[in-house]
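Just work.cif here, mmCIF, C-alpha atoms:
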data_final
loop_
_atom_site.label_atom_id
_atom_site.label_comp_id
_atom_site.auth_asym_id
_atom_site.auth_seq_id
_atom_site.Cartn_x
_atom_site.Cartn_y
_atom_site.Cartn_z
CA MET A 1206 258.25 115.23 -33.43
CA PHE A 1207 261.61 115.78 -35.14
CA GLU A 1208 263.57 117.56 -32.41
CA ASP A 1209 266.00 114.68 -31.99
CA SER A 1210 266.26 113.80 -35.68
CA PHE A 1211 269.24 114.62 -37.88
CA GLN A 1212 267.97 117.30 -40.27
CA SER A 1213 269.70 117.95 -43.57
CA GLY A 1214 268.55 118.24 -47.16
CA SER A 1215 264.80 117.60 -47.21
CA LEU A 1216 262.28 116.34 -44.68
CA SER A 1217 258.80 115.33 -45.85
CA ILE A 1218 255.79 115.64 -43.53
CA LEU A 1219 253.03 114.74 -46.04
CA TYR A 1220 253.10 112.63 -49.19
CA SER A 1221 249.79 111.87 -50.90
CA VAL A 1222 250.94 108.54 -52.37
CA GLY A 1223 252.16 107.09 -49.07
CA ASN A 1224 250.32 104.34 -47.22
CA LYS A 1225 249.29 106.78 -44.51
CA PRO A 1226 249.56 110.29 -45.97
CA LEU A 1227 248.04 111.92 -42.90
CA GLN A 1228 250.05 110.05 -40.30
CA GLY A 1229 250.93 112.58 -37.62
CA TRP A 1230 248.23 115.00 -38.79
CA ASP A 1231 244.88 115.90 -37.24
CA THR A 1232 241.87 116.54 -39.50
CA LYS A 1233 238.81 118.72 -39.05
CA VAL A 1234 235.86 118.64 -41.44
CA LYS A 1235 232.50 120.44 -41.29
CA ILE A 1236 230.37 120.47 -44.42
CA GLY A 1237 233.12 119.24 -46.70
CA HIS A 1238 235.62 116.41 -47.08
CA ILE A 1239 239.24 115.40 -46.81
CA LYS A 1240 239.96 112.41 -48.99
CA ARG A 1241 242.44 110.86 -51.38
CA ILE A 1242 241.48 111.01 -55.05
CA THR A 1243 243.15 110.60 -58.44
CA ASP A 1244 244.04 113.91 -60.04
CA GLU A 1245 243.32 113.95 -63.78
CA ASP A 1246 246.27 116.20 -64.67
CA ILE A 1247 248.99 114.05 -63.15
CA ASP A 1248 247.09 110.71 -63.13
CA SER A 1249 248.11 109.98 -59.56
CA SER A 1250 246.78 110.02 -56.02
CA VAL A 1251 246.49 113.37 -54.26
CA LEU A 1252 244.86 114.58 -51.07
CA GLU A 1253 241.85 116.85 -51.57
CA LEU A 1254 240.60 119.32 -48.95
CA ALA A 1255 237.23 120.87 -49.75
CA GLY A 1256 234.66 122.68 -47.64
CA THR A 1257 232.16 125.52 -47.69
CA ASN A 1258 234.10 127.24 -44.89
CA ILE A 1259 237.89 126.94 -45.01
CA ASN A 1260 238.14 127.65 -41.29
CA THR A 1261 236.27 124.43 -40.50
CA THR A 1262 237.99 122.14 -43.02
CA PHE A 1263 241.71 121.77 -42.43
CA ILE A 1264 244.62 119.51 -41.50
CA THR A 1265 247.21 120.35 -38.86
CA CYS A 1266 250.52 118.82 -37.84
CA PRO A 1267 251.41 117.62 -35.24
CA ALA A 1268 248.09 115.97 -34.41
CA ASP A 1269 248.79 116.31 -30.69
CA PRO A 1270 248.24 119.99 -29.76
CA HIS A 1271 250.83 119.67 -27.00
CA MET A 1272 253.59 118.59 -29.40
CA THR A 1273 255.68 120.64 -31.84
CA LEU A 1274 257.33 119.68 -35.13
CA GLY A 1275 260.79 120.81 -34.05
CA ILE A 1276 261.89 121.22 -37.69
CA ARG A 1277 264.94 123.44 -38.09
CA LEU A 1278 265.08 123.50 -41.92
CA PRO A 1279 264.08 127.03 -43.00
CA PHE A 1280 262.20 126.44 -46.29
CA MET A 1281 258.67 125.07 -46.18
CA VAL A 1282 257.59 123.72 -49.57
CA MET A 1283 254.09 122.76 -50.68
CA ILE A 1284 253.00 121.24 -53.98
CA ILE A 1285 249.31 122.09 -54.22
CA LYS A 1286 246.63 122.45 -56.89
CA ASN A 1287 244.53 125.58 -57.20
CA LEU A 1288 240.82 124.62 -57.11
CA LYS A 1289 239.79 128.25 -57.79
CA LYS A 1290 238.21 128.54 -54.36
CA HIS A 1291 239.40 130.15 -51.14
CA PHE A 1292 242.57 128.59 -49.74
CA SER A 1293 244.95 129.38 -46.91
CA PHE A 1294 247.78 127.92 -44.88
CA GLU A 1295 249.57 128.97 -41.73
CA VAL A 1296 252.91 128.23 -40.10
CA LEU A 1297 253.94 128.72 -36.48
CA ALA A 1298 257.68 129.29 -36.07
CA ALA A 1299 259.89 130.13 -33.08
CA ASP A 1300 262.79 132.59 -33.16
CA ASP A 1301 265.91 133.13 -31.04
CA LYS A 1302 263.98 135.46 -28.71
CA ASN A 1303 261.76 132.49 -27.78
CA VAL A 1304 258.78 134.18 -29.45
CA CYS A 1305 256.37 132.24 -31.65
CA ARG A 1306 255.49 134.02 -34.91
CA ARG A 1307 252.41 132.94 -36.85
CA PHE A 1308 252.38 133.43 -40.64
CA ARG A 1309 249.10 133.03 -42.50
CA ALA A 1310 248.85 133.26 -46.30
CA SER A 1311 245.39 133.44 -47.89
CA THR A 1312 244.01 133.78 -51.40
CA TYR A 1313 241.05 135.83 -50.15
CA VAL A 1314 242.84 138.75 -48.47
CA SER A 1315 244.15 141.75 -50.41
CA THR A 1316 246.14 143.57 -47.75
CA THR A 1317 248.86 142.55 -45.34
CA LYS A 1318 248.79 143.01 -41.59
CA LEU A 1319 251.73 142.65 -39.23
CA ASN A 1320 251.91 142.64 -35.45
CA PRO A 1321 254.51 141.22 -33.03
CA TYR A 1322 253.02 137.73 -33.12
CA ASN A 1323 251.11 137.41 -36.39
CA CYS A 1324 251.57 138.21 -40.06
CA THR A 1325 248.73 137.73 -42.55
CA MET A 1326 249.41 138.18 -46.25
CA PRO A 1327 247.83 137.69 -49.70
CA LEU A 1328 248.74 134.54 -51.61
CA ARG A 1329 248.80 134.45 -55.41
CA LEU A 1330 248.13 131.14 -57.16
CA THR A 1331 248.00 130.38 -60.87
CA ASP A 1332 245.75 127.80 -62.50
CA GLY A 1333 246.61 124.17 -61.95
CA TRP A 1334 249.50 122.93 -59.82
CA ASN A 1335 251.59 125.37 -57.81
CA TYR A 1336 254.98 124.92 -56.16
CA ILE A 1337 255.14 127.16 -53.08
CA GLN A 1338 258.38 127.90 -51.24
CA PHE A 1339 258.11 129.81 -47.97
CA ASN A 1340 261.42 131.11 -46.61
CA LEU A 1341 260.79 131.28 -42.87
CA ALA A 1342 264.31 132.41 -41.94
CA ASP A 1343 264.13 135.35 -44.34
CA PHE A 1344 260.65 136.39 -43.21
CA ILE A 1345 261.51 136.30 -39.52
CA GLU A 1346 264.76 138.20 -39.96
CA LYS A 1347 263.34 140.95 -42.18
CA LEU A 1348 260.01 141.34 -40.40
CA TYR A 1349 261.06 140.96 -36.78
CA GLY A 1350 264.85 141.38 -36.74
CA THR A 1351 265.34 137.99 -35.08
CA GLN A 1352 266.69 134.60 -36.18
CA TYR A 1353 264.65 131.56 -37.17
CA VAL A 1354 265.03 128.60 -34.82
CA GLU A 1355 262.38 126.02 -35.73
CA THR A 1356 258.94 125.39 -37.17
CA GLN A 1357 256.48 124.23 -34.55
CA ARG A 1358 253.21 123.70 -36.40
CA VAL A 1359 251.69 123.69 -39.90
CA GLN A 1360 248.02 124.02 -40.80
CA ILE A 1361 246.54 123.75 -44.31
CA ASN A 1362 242.94 124.81 -44.92
CA GLY A 1363 240.71 123.89 -47.83
CA ASN A 1364 240.25 124.28 -50.71
CA CYS A 1365 243.14 122.57 -52.48
CA ARG A 1366 244.72 119.33 -53.61
CA ILE A 1367 248.03 118.37 -52.03
CA ARG A 1368 250.83 116.30 -53.54
CA ARG A 1369 253.56 116.82 -50.95
CA VAL A 1370 254.59 119.06 -48.06
CA TYR A 1371 258.23 119.11 -47.03
CA PHE A 1372 260.98 121.23 -45.52
CA SER A 1373 264.35 121.96 -47.12
CA ASP A 1374 267.65 123.50 -46.04
CA LYS A 1375 267.89 125.61 -49.23
CA PHE A 1376 265.90 127.15 -52.06
CA ASP A 1377 265.05 124.46 -54.61
CA ALA A 1378 265.42 125.60 -58.20
CA GLU A 1379 263.98 123.17 -60.74
CA GLU A 1380 267.34 121.52 -61.30
CA ASP A 1381 267.81 121.09 -57.55
CA PHE A 1382 264.63 119.18 -56.67
CA PRO A 1383 265.42 116.32 -54.25
CA GLU A 1384 266.15 113.20 -56.30
CA ASP A 1385 263.59 111.05 -54.50
CA PHE A 1386 260.89 113.70 -55.12
CA GLU A 1387 261.47 114.34 -58.82
CA ASN A 1388 259.06 111.75 -60.22
CA ASP A 1389 256.34 113.00 -57.88
CA LEU A 1390 256.43 116.64 -58.96
CA PRO A 1391 253.68 117.65 -61.38
CA ILE A 1392 256.08 120.29 -62.76
CA HIS A 1393 259.05 117.98 -63.30
CA ASN A 1394 260.67 118.44 -66.73
CA GLN A 1395 258.43 121.43 -67.50
CA GLN A 1396 259.44 125.04 -67.84
CA VAL A 1397 258.61 126.97 -64.67
CA LYS A 1398 258.14 130.61 -63.78
CA GLN A 1399 258.66 132.30 -60.44
CA GLN A 1400 256.71 134.95 -58.59
CA LEU A 1401 258.04 136.71 -55.50
CA ALA A 1402 256.08 139.36 -53.66
CA PRO A 1403 258.33 142.05 -52.16
CA LEU A 1404 259.35 141.90 -48.53
CA PRO A 1405 258.19 144.84 -46.39
CA GLN A 1406 259.43 148.36 -46.94
CA LYS A 1407 257.72 149.70 -43.84
CA GLU A 1408 256.52 148.28 -40.55
CA GLU A 1409 252.89 147.58 -41.44
CA GLU A 1410 253.72 145.77 -44.69
CA CYS A 1411 254.69 142.16 -45.20
CA GLY A 1412 255.90 140.08 -48.13
CA GLY A 1413 254.32 137.07 -49.79
CA ALA A 1414 255.30 133.49 -50.45
CA MET A 1415 257.47 132.27 -53.28
CA VAL A 1416 255.36 130.46 -55.87
CA VAL A 1417 256.85 128.39 -58.68
CA THR A 1418 254.28 127.14 -61.17
CA PRO A 1419 254.25 125.24 -64.48
CA HIS A 1420 253.29 127.04 -67.66
CA GLU A 1421 250.03 126.05 -69.23
CA LYS A 1422 250.16 122.90 -71.33
CA GLY A 1423 251.21 123.63 -74.85
CA SER A 1424 252.84 126.95 -74.00
#
Before anything else, please render the file you have as structure tokens.
Amino acid sequence: MFEDSFQSGSLSILYSVGNKPLQGWDTKVKIGHIKRITDEDIDSSVLELAGTNINTTFITCPADPHMTLGIRLPFMVMIIKNLKKHFSFEVLAADDKNVCRRFRASTYVSTTKLNPYNCTMPLRLTDGWNYIQFNLADFIEKLYGTQYVETQRVQINGNCRIRRVYFSDKFDAEEDFPEDFENDLPIHNQQVKQQLAPLPQKEEECGGAMVVTPHEKGS
């Protein structure tokens, strides 16, 4: 989708307030829903994914299974709300050995598993809105000893609310949020805290995603 595009700074692939937030995405729903609603905490439109089985309620990009994203920016960023139900996402990325590595982060797993093609890991979320940064270049280098080339596919499973999904060429501290995104961030102008699970110390272990979340109101 973006192979021939100039890529620098930030590149958004989902924005809940846009006219067509799921343009370029495919949706699957079984006993659940995917719809745009107004979130009471930020008083704005968000995309809600909800289902009794997260494996049968999800969105995936690109919509065409024969296409790839072709995004070379190494940081995937998601602004999502914790609905206190099971939630997961996965990313398919290619490295310089022409191998596709699949990373899956889930709130319902407690241990990490790593093999040459897949890494599954626990995901920690706090109450309310969460700002997740996933450093694909760092994960691929430290887990597989290869270099990140591009992201090919993203899948987000229920249950969650989504504000925005984008890619960036660097880690975004609060003061470095892209200017055109600032007014859309539920955590803008609030104090934030950071959580970083350790990267692996031995072969069968794997690290977690970076999560930046707002403090509770009034704290």
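Atom pair atom CA of Ile1276 of chain A / atom CA of Gln1357 of chain A has a distance of 6.9 Å (rounded to one decimal).
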Atomic separation - atom CA of Lys1318 of chain A relative to atom CA of Trp1334 of chain A, Å:
27.1 Å
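If you look at atom CA of Thr1257 of chain A and atom CA of Ser1293 of chain A, they are 13.4 Å away from each other.
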Selected by the PyMOL selection byres ((chain A and resi 1353) around 12) in the shown coordinates: which residues, as a PyMOL selection string?
chain A and resi 1275-1280+1297-1306+1340-1352+1354-1357
From the list A:Gly1237, A:Asn1364, A:Phe1339, A:Leu1216, which residue is nearest Met1283 of chain A when using only C-alpha atoms?
A:Phe1339
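Using the PyMOL selection byres ((chain A and resi 1217) around 7) on this structure selects Ser1215, Leu1216, Ile1218, Leu1219, Val1370, Tyr1371 and Phe1372 of chain A.
Run against this file, the PyMOL selection byres ((chain A and resi 1258) around 8) gives back Lys1235, Ile1236, Gly1256, Thr1257, Ile1259, Asn1260, Thr1261, Thr1262 and Gly1363 of chain A.
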Around all the atoms of segment 1349-1352 of chain A listed in the file, draw an axis-aligned box and extend it by 3 Å on each of the six sides; I want its centre and edge lengths in Å to one decimal, as lines of an AutoDock Vina configuration file.
center_x = 263.9
center_y = 138.0
center_z = -35.9
size_x = 11.6
size_y = 12.8
size_z = 7.7
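Using all atoms listed in the file, the smallest distance between any of A:Ile1264, A:Met1326, A:Glu1208, A:Arg1307 and Pro1226 of chain A comes from A:Ile1264.
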What's the 8 Å shell around Phe1294 of chain A, counting all atoms listed in the file, without same-chain residues fewer than 3 positions away, as an MDAnalysis selection string?
chainID A and resid 1309:1311 1359:1362
